[in-house]
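Content type CSV, C-alpha atoms, from the file run35.csv:
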```csv
chain,number,residue,atom,x,y,z
A,1,MET,CA,5.4,-6.5,-11.3
A,2,THR,CA,2.0,-8.1,-10.9
A,3,THR,CA,0.9,-10.2,-13.9
A,4,ARG,CA,-2.5,-9.4,-15.4
A,5,SER,CA,-5.0,-12.3,-15.1
A,6,GLY,CA,-7.2,-13.2,-18.0
A,7,PRO,CA,-10.5,-11.4,-17.5
A,8,GLY,CA,-13.6,-13.0,-18.8
A,9,GLU,CA,-12.4,-16.6,-18.4
A,10,GLY,CA,-15.5,-18.7,-18.1
A,11,GLY,CA,-17.5,-17.3,-21.0
A,12,PRO,CA,-20.7,-15.3,-21.2
A,13,ASP,CA,-22.5,-17.4,-18.6
A,14,PRO,CA,-20.4,-16.8,-15.5
A,15,GLY,CA,-21.2,-18.7,-12.4
A,16,LEU,CA,-20.5,-17.6,-8.9
A,17,ASP,CA,-17.1,-19.3,-8.8
A,18,VAL,CA,-16.0,-17.5,-12.0
A,19,ILE,CA,-17.1,-14.1,-10.7
A,20,MET,CA,-15.6,-14.5,-7.3
A,21,SER,CA,-12.3,-15.8,-8.7
A,22,GLU,CA,-11.7,-12.2,-9.8
A,23,ARG,CA,-11.8,-11.0,-6.2
A,24,ARG,CA,-8.0,-11.4,-5.5
A,25,GLN,CA,-7.2,-9.5,-8.7
A,26,LEU,CA,-9.6,-6.7,-7.7
A,27,ILE,CA,-8.2,-6.4,-4.2
A,28,ASN,CA,-4.7,-6.2,-5.6
A,29,LEU,CA,-5.7,-3.5,-8.0
A,30,THR,CA,-7.8,-1.4,-5.6
A,31,TYR,CA,-5.2,-1.5,-2.8
A,32,ARG,CA,-2.6,-0.2,-5.2
A,33,LEU,CA,-5.0,2.5,-6.4
A,34,LEU,CA,-6.2,3.6,-3.0
A,35,GLY,CA,-3.3,2.8,-0.6
A,36,SER,CA,-5.8,1.5,2.0
A,37,LEU,CA,-6.9,-2.1,2.4
A,38,ALA,CA,-10.1,-1.0,4.1
A,39,GLU,CA,-11.0,1.3,1.3
A,40,ALA,CA,-9.9,-1.4,-1.3
A,41,GLU,CA,-12.3,-3.9,0.4
A,42,ASP,CA,-15.1,-1.4,0.3
A,43,ALA,CA,-14.5,-0.6,-3.4
A,44,VAL,CA,-14.5,-4.4,-4.3
A,45,GLN,CA,-17.7,-4.9,-2.3
A,46,GLU,CA,-19.3,-2.0,-4.2
A,47,THR,CA,-18.2,-3.5,-7.5
A,48,TYR,CA,-19.8,-6.8,-6.7
A,49,ALA,CA,-22.9,-5.1,-5.4
A,50,ARG,CA,-23.3,-3.4,-8.8
A,51,TRP,CA,-22.8,-6.8,-10.6
A,52,TYR,CA,-25.5,-8.5,-8.6
A,53,ALA,CA,-27.8,-5.5,-9.0
A,54,MET,CA,-28.1,-6.4,-12.7
A,55,THR,CA,-30.6,-8.9,-14.0
A,56,THR,CA,-29.4,-12.3,-15.2
A,57,GLN,CA,-30.0,-11.2,-18.8
A,58,GLN,CA,-27.8,-8.1,-18.3
A,59,GLN,CA,-25.0,-10.2,-16.7
A,60,GLU,CA,-25.2,-12.8,-19.6
A,61,ALA,CA,-24.9,-9.9,-22.1
A,62,ILE,CA,-21.4,-9.1,-20.7
A,63,ALA,CA,-18.9,-11.0,-22.8
A,64,SER,CA,-16.0,-10.5,-20.3
A,65,PRO,CA,-17.2,-10.3,-16.7
A,66,GLY,CA,-13.6,-10.0,-15.4
A,67,ALA,CA,-13.0,-6.9,-17.6
A,68,TRP,CA,-16.3,-5.5,-16.5
A,69,LEU,CA,-15.5,-5.9,-12.8
A,70,THR,CA,-12.0,-4.3,-13.4
A,71,THR,CA,-13.5,-1.4,-15.2
A,72,VAL,CA,-16.1,-0.8,-12.5
A,73,ALA,CA,-13.6,-1.2,-9.7
A,74,SER,CA,-11.2,1.2,-11.4
A,75,ARG,CA,-13.9,3.8,-11.9
A,76,ILE,CA,-15.0,3.5,-8.3
A,77,CYS,CA,-11.4,4.0,-7.2
A,78,LEU,CA,-11.0,7.0,-9.6
A,79,ASN,CA,-13.9,8.7,-7.9
A,80,LEU,CA,-12.7,7.8,-4.4
A,81,LEU,CA,-9.2,9.1,-5.1
A,82,GLY,CA,-10.7,12.5,-5.9
A,83,SER,CA,-12.5,12.7,-2.6
A,84,ALA,CA,-9.6,11.0,-0.7
A,85,ARG,CA,-7.3,13.8,-1.8
A,86,ALA,CA,-9.6,16.4,-0.2
A,87,ARG,CA,-9.9,14.3,3.0
A,88,ARG,CA,-6.2,13.8,3.3
A,89,GLU,CA,-5.6,17.5,2.9
A,90,THR,CA,-7.4,18.0,6.2
A,91,TYR,CA,-5.9,14.8,7.8
A,92,VAL,CA,-4.3,15.6,11.2
A,93,GLY,CA,-0.6,15.0,10.5
A,94,GLU,CA,0.9,13.2,7.6
A,95,TRP,CA,-1.1,10.6,5.7
A,96,ILE,CA,0.8,7.3,5.0
A,97,PRO,CA,-0.6,4.4,3.1
A,98,GLU,CA,-1.8,1.4,5.1
A,99,PRO,CA,1.0,-1.1,5.7
A,100,LEU,CA,0.6,-4.7,4.9
A,101,PRO,CA,2.3,-7.8,6.4
A,102,ASP,CA,3.8,-10.7,4.5
A,103,PRO,CA,1.0,-13.2,3.6
A,104,ALA,CA,2.7,-15.8,5.8
A,105,GLU,CA,2.4,-13.4,8.8
A,106,TRP,CA,-1.2,-12.5,8.2
A,107,PRO,CA,-3.2,-13.1,11.3
A,108,SER,CA,-5.9,-15.8,11.3
A,109,GLY,CA,-8.6,-17.0,13.6
A,110,ARG,CA,-9.4,-13.5,14.9
A,111,ALA,CA,-12.9,-12.1,14.7
A,112,GLY,CA,-13.0,-9.3,12.2
A,113,ALA,CA,-9.6,-10.1,10.7
A,114,THR,CA,-9.1,-10.5,7.0
A,115,THR,CA,-8.5,-14.2,6.7
A,116,ASP,CA,-9.7,-15.1,3.2
A,117,PRO,CA,-6.6,-15.7,0.9
A,118,ALA,CA,-8.5,-13.9,-1.9
A,119,ASP,CA,-8.2,-10.7,0.2
A,120,ARG,CA,-4.5,-10.9,0.5
A,121,VAL,CA,-2.4,-8.5,-1.6
A,122,THR,CA,0.4,-9.9,-3.6
A,123,LEU,CA,3.6,-8.2,-2.5
A,124,ASP,CA,6.1,-7.0,-5.1
A,125,GLU,CA,8.0,-3.8,-6.0
A,126,SER,CA,4.7,-2.1,-6.8
A,127,ILE,CA,3.6,-2.4,-3.2
A,128,SER,CA,6.6,-1.0,-1.4
A,129,MET,CA,5.9,1.9,0.9
A,130,ALA,CA,8.2,4.1,-1.0
A,131,PHE,CA,6.3,3.4,-4.2
A,132,LEU,CA,2.9,3.9,-2.6
A,133,VAL,CA,4.0,7.2,-1.1
A,134,VAL,CA,5.0,8.4,-4.6
A,135,LEU,CA,1.6,7.4,-5.9
A,136,GLU,CA,0.1,9.7,-3.3
A,137,SER,CA,1.8,12.7,-5.0
A,138,MET,CA,0.0,11.9,-8.3
A,139,THR,CA,-3.3,13.0,-9.7
A,140,PRO,CA,-6.0,10.3,-9.6
A,141,ALA,CA,-5.8,9.9,-13.4
A,142,GLU,CA,-2.0,9.5,-13.3
A,143,ARG,CA,-2.2,6.9,-10.6
A,144,VAL,CA,-4.9,4.9,-12.4
A,145,ALA,CA,-3.1,5.1,-15.7
A,146,LEU,CA,0.2,4.0,-14.3
A,147,ILE,CA,-1.2,1.1,-12.2
A,148,LEU,CA,-3.4,-0.3,-14.9
A,149,HIS,CA,-0.8,-0.1,-17.6
A,150,ASP,CA,2.6,-0.6,-16.0
A,151,VAL,CA,1.6,-2.9,-13.1
A,152,PHE,CA,-1.4,-4.8,-14.5
A,153,GLY,CA,-0.5,-4.7,-18.2
A,154,TYR,CA,-3.7,-3.2,-19.6
A,155,PRO,CA,-3.2,-1.6,-23.0
A,156,PHE,CA,-3.8,2.1,-23.2
A,157,ALA,CA,-6.9,1.5,-25.3
A,158,GLU,CA,-8.6,-0.3,-22.3
A,159,VAL,CA,-7.2,2.3,-19.8
A,160,ALA,CA,-8.8,5.0,-22.0
A,161,GLU,CA,-12.1,3.2,-21.9
A,162,ILE,CA,-11.9,2.9,-18.1
A,163,THR,CA,-10.9,6.5,-17.4
A,164,GLY,CA,-12.9,8.2,-20.1
A,165,ARG,CA,-9.8,9.7,-21.8
A,166,THR,CA,-8.1,9.1,-25.1
A,167,PRO,CA,-5.4,6.4,-25.4
A,168,ALA,CA,-2.9,9.2,-26.2
A,169,ALA,CA,-3.9,11.1,-23.0
A,170,CYS,CA,-3.6,8.0,-20.9
A,171,ARG,CA,-0.1,7.3,-22.4
A,172,GLN,CA,0.9,10.9,-21.4
A,173,LEU,CA,-0.5,10.4,-17.9
A,174,ALA,CA,1.5,7.2,-17.4
A,175,SER,CA,4.6,8.9,-18.8
A,176,THR,CA,4.3,11.7,-16.3
A,177,ALA,CA,3.7,9.3,-13.5
A,178,ARG,CA,6.8,7.3,-14.4
A,179,ARG,CA,8.9,10.4,-14.3
A,180,ARG,CA,7.6,11.0,-10.7
A,181,VAL,CA,8.6,7.5,-9.8
A,182,ARG,CA,12.0,7.7,-11.3
A,183,ALA,CA,12.7,11.0,-9.6
A,184,ALA,CA,11.9,9.6,-6.2
A,185,GLN,CA,13.4,6.2,-6.7
A,186,ALA,CA,16.3,5.2,-4.5
A,187,PRO,CA,19.2,3.1,-5.9
A,188,ALA,CA,18.4,-0.6,-5.4
A,189,THR,CA,19.5,-2.3,-2.3
A,190,THR,CA,19.3,-6.1,-1.9
A,191,THR,CA,16.7,-7.5,0.5
A,192,ALA,CA,19.4,-9.2,2.5
A,193,ARG,CA,21.3,-5.9,2.9
A,194,GLN,CA,18.1,-4.1,3.8
A,195,ALA,CA,17.3,-6.7,6.4
A,196,ALA,CA,20.8,-6.4,8.0
A,197,ILE,CA,20.5,-2.6,8.2
A,198,VAL,CA,17.0,-2.8,9.8
A,199,ARG,CA,18.3,-5.4,12.3
A,200,ASP,CA,21.2,-3.1,13.2
A,201,PHE,CA,18.8,-0.2,13.5
A,202,LYS,CA,16.5,-2.3,15.8
A,203,GLN,CA,19.4,-3.2,18.1
A,204,ALA,CA,20.7,0.4,18.3
A,205,TRP,CA,17.2,1.7,19.0
A,206,GLU,CA,16.6,-0.9,21.7
A,207,ALA,CA,19.9,0.1,23.3
A,208,SER,CA,19.1,3.8,22.9
A,209,ASP,CA,22.5,4.1,21.2
A,210,ILE,CA,22.3,7.5,19.6
A,211,GLY,CA,25.7,7.2,18.0
A,212,ALA,CA,24.9,3.9,16.3
A,213,LEU,CA,21.5,5.3,15.1
A,214,ILE,CA,23.2,8.4,13.6
A,215,GLY,CA,25.6,6.1,11.8
A,216,LEU,CA,22.8,4.1,10.3
A,217,LEU,CA,20.7,7.1,9.3
A,218,ASP,CA,21.5,9.2,6.2
A,219,PRO,CA,22.3,12.9,7.3
A,220,GLY,CA,19.3,13.9,5.3
A,221,ALA,CA,17.0,11.1,6.6
A,222,THR,CA,13.3,11.9,7.2
A,223,LEU,CA,11.1,10.3,9.9
A,224,THR,CA,7.4,10.6,9.1
A,225,GLY,CA,4.7,9.5,11.6
A,226,ASP,CA,1.1,8.8,10.9
A,227,GLY,CA,-0.9,9.0,14.2
A,228,GLY,CA,0.4,9.0,17.7
A,229,GLY,CA,0.5,12.8,17.9
A,230,ALA,CA,3.0,13.2,15.0
A,231,LEU,CA,2.1,16.3,13.1
A,232,ARG,CA,5.1,16.9,10.8
A,233,PRO,CA,8.1,14.9,9.5
A,234,ILE,CA,11.4,15.1,11.4
A,235,GLU,CA,14.1,16.0,8.9
A,236,GLY,CA,17.8,15.2,9.5
A,237,GLY,CA,19.5,12.0,10.7
A,238,GLN,CA,20.6,13.5,14.0
A,239,GLN,CA,17.2,15.0,14.8
A,240,ALA,CA,15.5,11.7,14.0
A,241,ALA,CA,18.0,9.7,16.1
A,242,ARG,CA,17.4,12.0,19.1
A,243,LEU,CA,13.6,11.5,18.8
A,244,LEU,CA,14.0,7.8,18.4
A,245,VAL,CA,16.1,7.6,21.6
A,246,ASP,CA,13.4,9.7,23.4
A,247,ILE,CA,10.8,7.3,22.2
A,248,ALA,CA,12.8,4.3,23.4
A,249,ARG,CA,13.3,5.7,26.8
A,250,ALA,CA,9.7,6.6,27.3
A,251,ALA,CA,8.4,3.3,26.0
A,252,PRO,CA,6.9,0.9,28.6
A,253,GLY,CA,9.1,-2.1,29.6
A,254,ASN,CA,6.7,-4.5,28.0
A,255,ARG,CA,7.2,-3.0,24.6
A,256,ARG,CA,8.9,-5.2,22.0
A,257,LEU,CA,10.3,-4.7,18.5
A,258,LEU,CA,10.0,-7.5,16.0
A,259,GLU,CA,11.5,-7.8,12.6
A,260,ARG,CA,8.7,-8.3,10.0
A,261,THR,CA,8.1,-7.9,6.3
A,262,VAL,CA,6.3,-4.6,5.7
A,263,ASN,CA,4.9,-4.2,2.2
A,264,GLY,CA,7.3,-6.8,0.8
A,265,GLN,CA,10.4,-5.3,2.4
A,266,PRO,CA,12.2,-5.6,5.8
A,267,GLY,CA,10.6,-3.5,8.5
A,268,LEU,CA,9.7,-3.5,12.2
A,269,VAL,CA,6.6,-4.0,14.3
A,270,ALA,CA,6.2,-2.6,17.8
A,271,LEU,CA,4.1,-4.7,20.2
A,272,GLN,CA,2.8,-3.7,23.6
A,273,ASP,CA,1.1,-6.4,25.7
A,274,GLY,CA,0.9,-8.5,22.6
A,275,VAL,CA,-0.9,-5.8,20.6
A,276,THR,CA,0.6,-4.1,17.5
A,277,VAL,CA,0.9,-0.4,18.3
A,278,ALA,CA,3.2,0.7,15.4
A,279,VAL,CA,4.6,-0.5,12.1
A,280,TYR,CA,7.8,0.9,10.7
A,281,ALA,CA,8.7,0.9,7.0
A,282,PHE,CA,12.1,1.9,5.6
A,283,GLU,CA,13.8,3.3,2.5
A,284,ILE,CA,17.5,2.4,2.3
A,285,ALA,CA,20.1,3.8,-0.1
A,286,GLY,CA,23.8,3.8,-0.1
A,287,GLY,CA,23.9,1.6,3.0
A,288,ARG,CA,22.0,4.0,5.1
A,289,ILE,CA,18.3,4.6,6.0
A,290,THR,CA,17.0,7.6,4.1
A,291,ARG,CA,13.3,7.4,5.2
A,292,ILE,CA,11.4,5.9,8.0
A,293,TRP,CA,7.6,5.7,7.9
A,294,ALA,CA,6.0,5.1,11.4
A,295,ILE,CA,2.4,4.1,11.2
A,296,LEU,CA,0.7,4.4,14.6
A,297,ASN,CA,-2.9,5.1,13.5
A,298,PRO,CA,-4.8,2.2,15.0
A,299,GLY,CA,-7.2,2.2,12.0
A,300,LYS,CA,-4.3,1.3,9.7
A,301,LEU,CA,-3.0,-1.6,11.9
A,302,ARG,CA,-6.0,-3.9,11.5
A,303,PRO,CA,-4.1,-6.5,9.3
A,304,TRP,CA,-1.3,-6.6,12.0
A,305,SER,CA,-3.6,-7.5,14.9
A,306,THR,CA,-2.4,-10.5,16.8
A,307,GLY,CA,-5.1,-10.9,19.4
```
I'd like the structure from this file rewritten - as structure tokens, please.
Amino acid sequence: MTTRSGPGEGGPDPGLDVIMSERRQLINLTYRLLGSLAEAEDAVQETYARWYAMTTQQQEAIASPGAWLTTVASRICLNLLGSARARRETYVGEWIPEPLPDPAEWPSGRAGATTDPADRVTLDESISMAFLVVLESMTPAERVALILHDVFGYPFAEVAEITGRTPAACRQLASTARRRVRAAQAPATTTARQAAIVRDFKQAWEASDIGALIGLLDPGATLTGDGGGALRPIEGGQQAARLLVDIARAAPGNRRLLERTVNGQPGLVALQDGVTVAVYAFEIAGGRITRIWAILNPGKLRPWSTG
């Protein structure tokens, strides 16, 4: 899990470098809370706007600037999560968290691309697509309590101050959230094994080999798309395999599939004319693919742009 940084380093008279050094921590926190890099960046921007809206005397009176920034960012996210739930209920099709590439594969030199290393999210088990999808099923308070305590190591007393609840209530929120995670958690599969299965899947898909695809998919597998006209998940390995073959046959000849790291785990990226048009994340258990998340919404593919 992500290790908590020491907020407040630099003393009561923080300079610009000290304040901005918290940016990466804040991006890591807000992305996990919101499931969207664009929304995370906006939340961090708003956090800094509130800091610089204070007078110098007000800033100097804050003993721990890092803790203040974390508190404000968390509260902004808590408010955003409430409105986000309402927006996502009216979202056309399924809403899937925004996928992120491996830091080594992050695009650079492109106008509008996120190139600052401070804006790159650290990839670990708390950033996997499966984990983020489970977070979407939680209440905003459960999500904030779990992420702050279990991922970033904040004691419940501080979580309580941030959320406006008692430490006991926050402990209960985190406990409920943990049960949700455990109930949805697939048995662990090594990264090497996952990569091999995803590679076999890629080859079978490119060959439109429906038999091989069915063999790689769990009978109860689910294929969920975000964008591209996908309105509901496809349930069942055979049904998903048939749809995948139809997609492969209809794809333009210049479309390519590349093996890439998606939210810290083996995944696939579809390119057409050098432009990313889809990102695929997988959940694997028992040697078979149990879930595929296909993100085709162009608004969520910004970090994958290669232009």
| message | Show me, as a PyMOL selection string, the residues that have an atom within 12 Å of Gln239 (chain A) when counting all atoms listed in the file, minus same-chain residues fewer than 2 positions from it. | response | chain A and resi 210-211+213-214+217-223+233-237+241-246
| remark: Across A:Ala53, A:Gly82, A:Glu98, A:Thr71, the smallest distance to Arg302 (chain A), with only C-alpha atoms counted, is shown by A:Glu98
| request: Go ahead and compute the interatomic distance for CA of Gln272 (chain A) and CA of Asn254 (chain A), in Å to one decimal. | output: 5.9 Å
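For the pair CA of Gly227 (chain A) and CA of Leu81 (chain A), the separation is 21.0 Å.
CA of Thr276 (chain A) is positioned 26.0 Å from CA of Arg288 (chain A).
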| Which is closest to Val133 (chain A) among A:Val72, A:Val44, A:Ala281, A:Ala207, if we use all atoms listed in the file? |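 With all atoms listed in the file as the atom set, the closest residue is A:Ala281.
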| said: Which residue is closest to Leu148 (chain A)? Choose from A:Ser21, A:Ser126, A:Gln265, A:Ser64 and count all atoms listed in the file. | reply: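 Closest residue, counting all atoms listed in the file: A:Ser126.
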| message | as a list of chain:residue names, please: the residues near Gln185 (chain A) (cut-off 9 Å, only C-alpha atoms, same-chain neighbours under 3 positions excluded). | response | A:Ala130, A:Phe131, A:Val134, A:Arg180, A:Val181, A:Arg182, A:Ala188
